[in-house]
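Listing of work.cif; format and content: mmCIF, C-alpha atoms and all ligand atoms.
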```cif
data_data
#
loop_
_atom_site.group_PDB
_atom_site.id
_atom_site.type_symbol
_atom_site.label_atom_id
_atom_site.label_comp_id
_atom_site.auth_asym_id
_atom_site.auth_seq_id
_atom_site.Cartn_x
_atom_site.Cartn_y
_atom_site.Cartn_z
ATOM 1 C CA MET P 99 62.512 -25.527 -115.732
ATOM 2 C CA LYS P 100 65.312 -23.832 -117.596
ATOM 3 C CA PHE P 101 65.407 -22.786 -121.234
ATOM 4 C CA LYS P 102 67.199 -25.217 -123.514
ATOM 5 C CA CYS P 103 68.042 -24.301 -127.090
ATOM 6 C CA LEU P 104 66.464 -26.856 -129.445
ATOM 7 C CA ARG P 105 68.807 -25.829 -132.268
ATOM 8 C CA HIS P 106 65.841 -24.952 -134.378
ATOM 9 C CA ASP P 107 66.804 -22.362 -136.989
ATOM 10 C CA ASN P 108 63.957 -19.925 -136.265
ATOM 11 C CA CYS P 109 66.221 -17.614 -134.287
ATOM 12 C CA CYS P 110 68.344 -16.832 -137.366
ATOM 13 C CA TYR P 111 65.342 -16.339 -139.664
ATOM 14 C CA PHE P 112 63.576 -12.984 -139.682
ATOM 15 C CA SER P 113 60.282 -11.959 -141.195
ATOM 16 C CA SER P 114 59.782 -8.683 -139.343
ATOM 17 C CA LEU P 115 61.999 -5.729 -138.538
ATOM 18 C CA PHE P 116 60.712 -5.805 -134.956
ATOM 19 C CA GLU P 117 62.407 -9.177 -134.298
ATOM 20 C CA CYS P 118 65.697 -8.215 -136.004
ATOM 21 C CA PRO P 119 68.711 -7.925 -133.653
ATOM 22 C CA VAL P 120 69.363 -4.563 -132.007
ATOM 23 C CA VAL P 121 73.096 -3.812 -132.274
ATOM 24 C CA PHE P 122 75.368 -1.125 -130.892
ATOM 25 C CA GLU P 123 77.984 0.947 -132.730
ATOM 26 C CA ASP P 124 80.909 -1.429 -131.971
ATOM 27 C CA GLU P 125 78.836 -4.465 -132.986
ATOM 28 C CA LYS P 126 77.711 -2.769 -136.190
ATOM 29 C CA GLU P 127 81.316 -2.036 -137.126
ATOM 30 C CA ARG P 128 82.323 -5.631 -136.333
ATOM 31 C CA LEU P 129 79.481 -7.029 -138.452
ATOM 32 C CA GLU P 130 80.513 -4.755 -141.325
ATOM 33 C CA ARG P 131 84.113 -6.029 -141.112
ATOM 34 C CA LEU P 132 82.961 -9.660 -140.877
ATOM 35 C CA GLY P 133 80.525 -9.127 -143.722
ATOM 36 C CA GLU P 134 83.368 -7.947 -145.951
ATOM 37 C CA LYS P 135 85.579 -10.841 -144.906
ATOM 38 C CA LEU P 136 82.911 -13.531 -145.358
ATOM 39 C CA ASN P 137 81.224 -11.913 -148.333
ATOM 40 C CA VAL P 138 77.945 -11.326 -146.518
ATOM 41 C CA LYS P 139 75.914 -8.209 -147.318
ATOM 42 C CA VAL P 140 74.876 -6.462 -144.111
ATOM 43 C CA ARG P 141 72.323 -3.699 -143.728
ATOM 44 C CA PHE P 142 71.398 -1.533 -140.742
ATOM 45 C CA GLU P 143 68.653 0.875 -139.842
ATOM 46 C CA GLU P 144 69.295 3.494 -137.186
ATOM 47 C CA VAL P 145 67.001 3.314 -134.167
ATOM 48 C CA GLN P 146 68.690 6.177 -132.332
ATOM 49 C CA ASP P 147 72.227 7.517 -132.036
ATOM 50 C CA GLY P 148 74.530 4.501 -131.478
ATOM 51 C CA VAL P 149 71.717 1.939 -131.659
ATOM 52 C CA TRP P 150 70.850 0.060 -134.843
ATOM 53 C CA LYS P 151 68.639 -2.662 -136.192
ATOM 54 C CA PHE P 152 70.633 -5.318 -138.005
ATOM 55 C CA VAL P 153 68.176 -5.658 -140.892
ATOM 56 C CA ILE P 154 67.773 -9.285 -141.939
ATOM 57 C CA ASP P 155 65.155 -10.497 -144.375
ATOM 58 C CA GLY P 156 64.870 -14.284 -144.227
ATOM 59 C CA PHE P 157 67.886 -16.262 -143.054
ATOM 60 C CA CYS P 158 70.825 -14.265 -141.700
ATOM 61 C CA GLY P 159 73.762 -14.249 -144.117
ATOM 62 C CA PHE P 160 76.042 -15.450 -141.326
ATOM 63 C CA TYR P 161 73.929 -18.549 -140.737
ATOM 64 C CA ASP P 162 75.167 -21.781 -142.278
ATOM 65 C CA ARG P 163 71.945 -23.690 -142.963
ATOM 66 C CA GLU P 164 73.691 -26.951 -143.850
ATOM 67 C CA VAL P 165 75.361 -27.429 -140.496
ATOM 68 C CA ARG P 166 72.936 -25.145 -138.643
ATOM 69 C CA ILE P 167 75.491 -22.939 -136.982
ATOM 70 C CA CYS P 168 76.278 -19.266 -136.824
ATOM 71 C CA ARG P 169 79.563 -18.687 -138.659
ATOM 72 C CA ILE P 170 80.423 -15.833 -136.288
ATOM 73 C CA HIS P 171 79.212 -17.569 -133.127
ATOM 74 C CA LYS P 172 82.094 -16.414 -130.876
ATOM 75 C CA VAL P 173 81.700 -12.768 -131.814
ATOM 76 C CA LYS P 174 77.996 -12.517 -132.552
ATOM 77 C CA PRO P 175 76.101 -9.506 -131.145
ATOM 78 C CA LEU P 176 74.595 -9.470 -127.645
ATOM 79 C CA ALA P 177 71.121 -9.584 -129.227
ATOM 80 C CA CYS P 178 71.946 -13.005 -130.685
ATOM 81 C CA LYS P 179 73.472 -14.254 -127.433
ATOM 82 C CA MET P 180 70.449 -13.238 -125.347
ATOM 83 C CA PHE P 181 67.790 -14.689 -127.665
ATOM 84 C CA PRO P 182 64.949 -15.641 -127.035
ATOM 85 C CA LEU P 183 65.032 -12.467 -124.956
ATOM 86 C CA ILE P 184 64.805 -9.447 -127.221
ATOM 87 C CA LEU P 185 65.290 -5.746 -126.652
ATOM 88 C CA ASP P 186 62.440 -3.486 -127.697
ATOM 89 C CA PRO P 187 64.166 -0.068 -127.854
ATOM 90 C CA LYS P 188 60.997 1.870 -128.658
ATOM 91 C CA ASN P 189 59.254 0.794 -125.459
ATOM 92 C CA ARG P 190 62.512 0.231 -123.513
ATOM 93 C CA LEU P 191 61.541 -3.344 -122.667
ATOM 94 C CA ILE P 192 63.095 -6.784 -122.671
ATOM 95 C CA LEU P 193 60.600 -9.222 -124.166
ATOM 96 C CA VAL P 194 60.459 -12.958 -124.723
ATOM 97 C CA SER P 195 60.235 -13.907 -128.380
ATOM 98 C CA ARG P 196 57.596 -16.389 -129.436
ATOM 99 C CA ALA P 197 59.581 -17.049 -132.609
ATOM 100 C CA CYS P 198 61.530 -19.520 -130.441
ATOM 101 C CA LYS P 199 60.183 -23.077 -130.587
ATOM 102 C CA TRP P 200 61.120 -23.857 -126.965
ATOM 103 C CA VAL P 201 59.302 -20.717 -125.773
ATOM 104 C CA ASN P 202 56.164 -21.697 -127.647
ATOM 105 C CA GLU P 203 56.235 -25.233 -126.329
ATOM 106 C CA ASN P 204 56.831 -24.024 -122.769
ATOM 107 C CA TRP P 205 54.753 -20.852 -122.669
ATOM 108 C CA ASN P 206 53.178 -21.830 -119.311
ATOM 109 C CA ILE P 207 56.638 -22.073 -117.738
ATOM 110 C CA VAL P 208 57.708 -18.778 -119.299
ATOM 111 C CA THR P 209 54.661 -16.910 -118.028
ATOM 112 C CA SER P 210 54.583 -18.390 -114.529
ATOM 113 C CA ASN P 211 58.253 -18.023 -113.517
ATOM 114 C CA PRO P 212 60.669 -15.117 -113.122
ATOM 115 C CA VAL P 213 62.496 -14.514 -116.383
ATOM 116 C CA GLN P 214 65.934 -14.762 -114.680
ATOM 117 C CA LEU P 215 65.123 -18.322 -113.547
ATOM 118 C CA VAL P 216 63.920 -19.557 -116.901
ATOM 119 C CA PHE P 217 66.644 -17.810 -118.933
ATOM 120 C CA PRO P 218 69.569 -17.305 -116.498
ATOM 121 C CA GLU P 219 72.416 -16.951 -119.028
ATOM 122 C CA GLU P 220 70.360 -15.010 -121.543
ATOM 123 C CA TYR P 221 69.058 -12.706 -118.800
ATOM 124 C CA GLU P 222 72.610 -11.842 -117.735
ATOM 125 C CA ILE P 223 73.463 -10.880 -121.308
ATOM 126 C CA ALA P 224 70.173 -9.001 -121.688
ATOM 127 C CA VAL P 225 71.058 -6.881 -118.634
ATOM 128 C CA LYS P 226 74.419 -6.003 -120.277
ATOM 129 C CA ALA P 227 72.632 -5.098 -123.505
ATOM 130 C CA TYR P 228 70.096 -3.006 -121.624
ATOM 131 C CA PHE P 229 72.858 -1.032 -119.892
ATOM 132 C CA LYS P 230 74.556 -0.437 -123.237
ATOM 133 C CA PHE P 231 71.230 0.750 -124.582
ATOM 134 C CA LEU P 232 70.738 3.122 -121.623
ATOM 135 C CA GLN P 233 74.280 4.480 -122.083
ATOM 136 C CA ALA P 234 73.605 5.177 -125.743
ATOM 137 C CA SER P 235 70.268 6.807 -124.828
ATOM 138 C CA ARG P 236 71.973 9.080 -122.277
ATOM 139 C CA LYS P 237 74.490 10.227 -124.895
ATOM 140 C CA GLU P 238 71.565 11.204 -127.061
ATOM 141 C CA LEU P 239 69.996 13.486 -124.416
HETATM 142 S S1 LIG R 1 74.662 -13.332 -136.374
HETATM 143 FE FE1 LIG R 1 74.616 -15.552 -136.060
HETATM 144 S S2 LIG R 1 73.207 -15.898 -134.305
HETATM 145 FE FE2 LIG R 1 72.893 -13.798 -135.066
HETATM 146 S S3 LIG R 1 71.150 -13.981 -136.493
HETATM 147 FE FE3 LIG R 1 73.074 -14.160 -137.706
HETATM 148 S S4 LIG R 1 73.493 -16.359 -137.824
HETATM 149 FE FE4 LIG R 1 71.989 -16.060 -136.198
#
```
If you convert what's in this file into C-alpha cells, what do you get?
Amino acid sequence: MKFKCLRHDNCCYFSSLFECPVVFEDEKERLERLGEKLNVKVRFEEVQDGVWKFVIDGFCGFYDREVRICRIHKVKPLACKMFPLILDPKNRLILVSRACKWVNENWNIVTSNPVQLVFPEEYEIAVKAYFKFLQASRKEL
C-alpha cells in the first residue's frame, strides 16, 4: 500500500526543531526572497556549513490555513516535498515522521515494507536531498 497525503495540516505545523525542514543554501536564499515578497518572517538555524534548519514555531508562515495549501507549493524546499520522510542531519539518517496522520494510521505498513515502496515519490526526492546534504558535508571537510 502506497502513501497517500490526507491533506491534514500537521505537516506544516511544527512544535519541535527536530521536525523543522532541513534546507540548503539555495533554498534558504529562495525562502528569504519569498518571505520578503509575501511578507512572511523566516528564520534559520545553521546545522553545518550550507545546511540549515528552517525554524518554524507553530504553523509555517507560507501555509494558508483557510484553503489548506502551501502558498509556495511549486518552489517549496525538498524537505517539504519529501515529507513524511525527514532528514536527520545529526545522525545522517532519513526517517519517517510520525507527525503525519497517514503514517500513524498505517504504521504496520510503514514498518513492514521497504520505504521506497511505501513512499516512492518522496523517497526519490529524499535521495536527492541526501546527496545535497553529502555534498555540503564534503565541502565542510
Ligand atoms: S513551505 Fe509550504 S509545505 Fe513547507 S512547511 Fe511551509 S507551508 Fe508547509
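Between P:Tyr221 and the residues P:Arg128, P:Lys102, P:Arg190, P:Lys179, the shortest atom-to-atom distance, using only C-alpha atoms, involves P:Lys179.
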Report task. Tell me which residues the PyMOL selection byres (((not hetatm)) within 8 of (chain R and resi 1)) grabs here, as JSON, numbers by chain. Result -> {"P": [109, 110, 111, 118, 119, 154, 157, 158, 159, 160, 161, 162, 167, 168, 169, 170, 171, 174, 175, 177, 178, 179]}
Report task. Identify, on the basis of all atoms listed in the file, every residue whose closest approach to stretch 226-236 of chain P does not exceed 8 Å; exclude the query and any residue fewer than 5 positions from it along the same chain; express the result as a VMD selection string. Result -> chain P and resid 122 146 to 149 176 to 177 185 187
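With atom CA of P:Asp186 on one side and atom CA of P:His106 on the other, the separation reads 22.7 Å.
Taking atom CA of P:Lys135 as the reference point, atom CA of P:Val173 is found at 13.8 Å.
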Query - Output of the PyMOL selection byres (((chain P and resi 219) around 12) and not hetatm), listed as an NGL selection string - result: :P and (100-103 or 176 or 179-183 or 213-218 or 220-226)
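Atom pair atom CA of P:Ile184 / atom CA of P:Arg105 has a distance of 17.6 Å (rounded to one decimal).
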**Report entry** Residue nearest P:Glu164 among P:Glu134, P:Glu203, P:Asp107, P:Asp124 (counting only C-alpha atoms)
**Finding:** P:Asp107
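Closest approach to P:Leu115 among P:Lys151, P:Lys139, P:Lys199, P:Arg131: P:Lys151, based on only C-alpha atoms.
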Requested in this report: Would you write out, as a list of chain:residue names, every residue that the PyMOL selection byres (((chain P and resi 142) around 7) and not hetatm) captures in this file?
Outcome: P:Val140, P:Arg141, P:Glu143, P:Glu144, P:Trp150, P:Lys151, P:Phe152, P:Val153
Output C-alpha atoms of each residue in that selection to a file, as a compact mmCIF listing (two decimals), in the frame of the given file.
```
# COMPACT_ATOMS: atom_id res chain seq x y z
CA VAL P 140 74.88 -6.46 -144.11
CA ARG P 141 72.32 -3.70 -143.73
CA GLU P 143 68.65 0.88 -139.84
CA GLU P 144 69.30 3.49 -137.19
CA TRP P 150 70.85 0.06 -134.84
CA LYS P 151 68.64 -2.66 -136.19
CA PHE P 152 70.63 -5.32 -138.00
CA VAL P 153 68.18 -5.66 -140.89
```
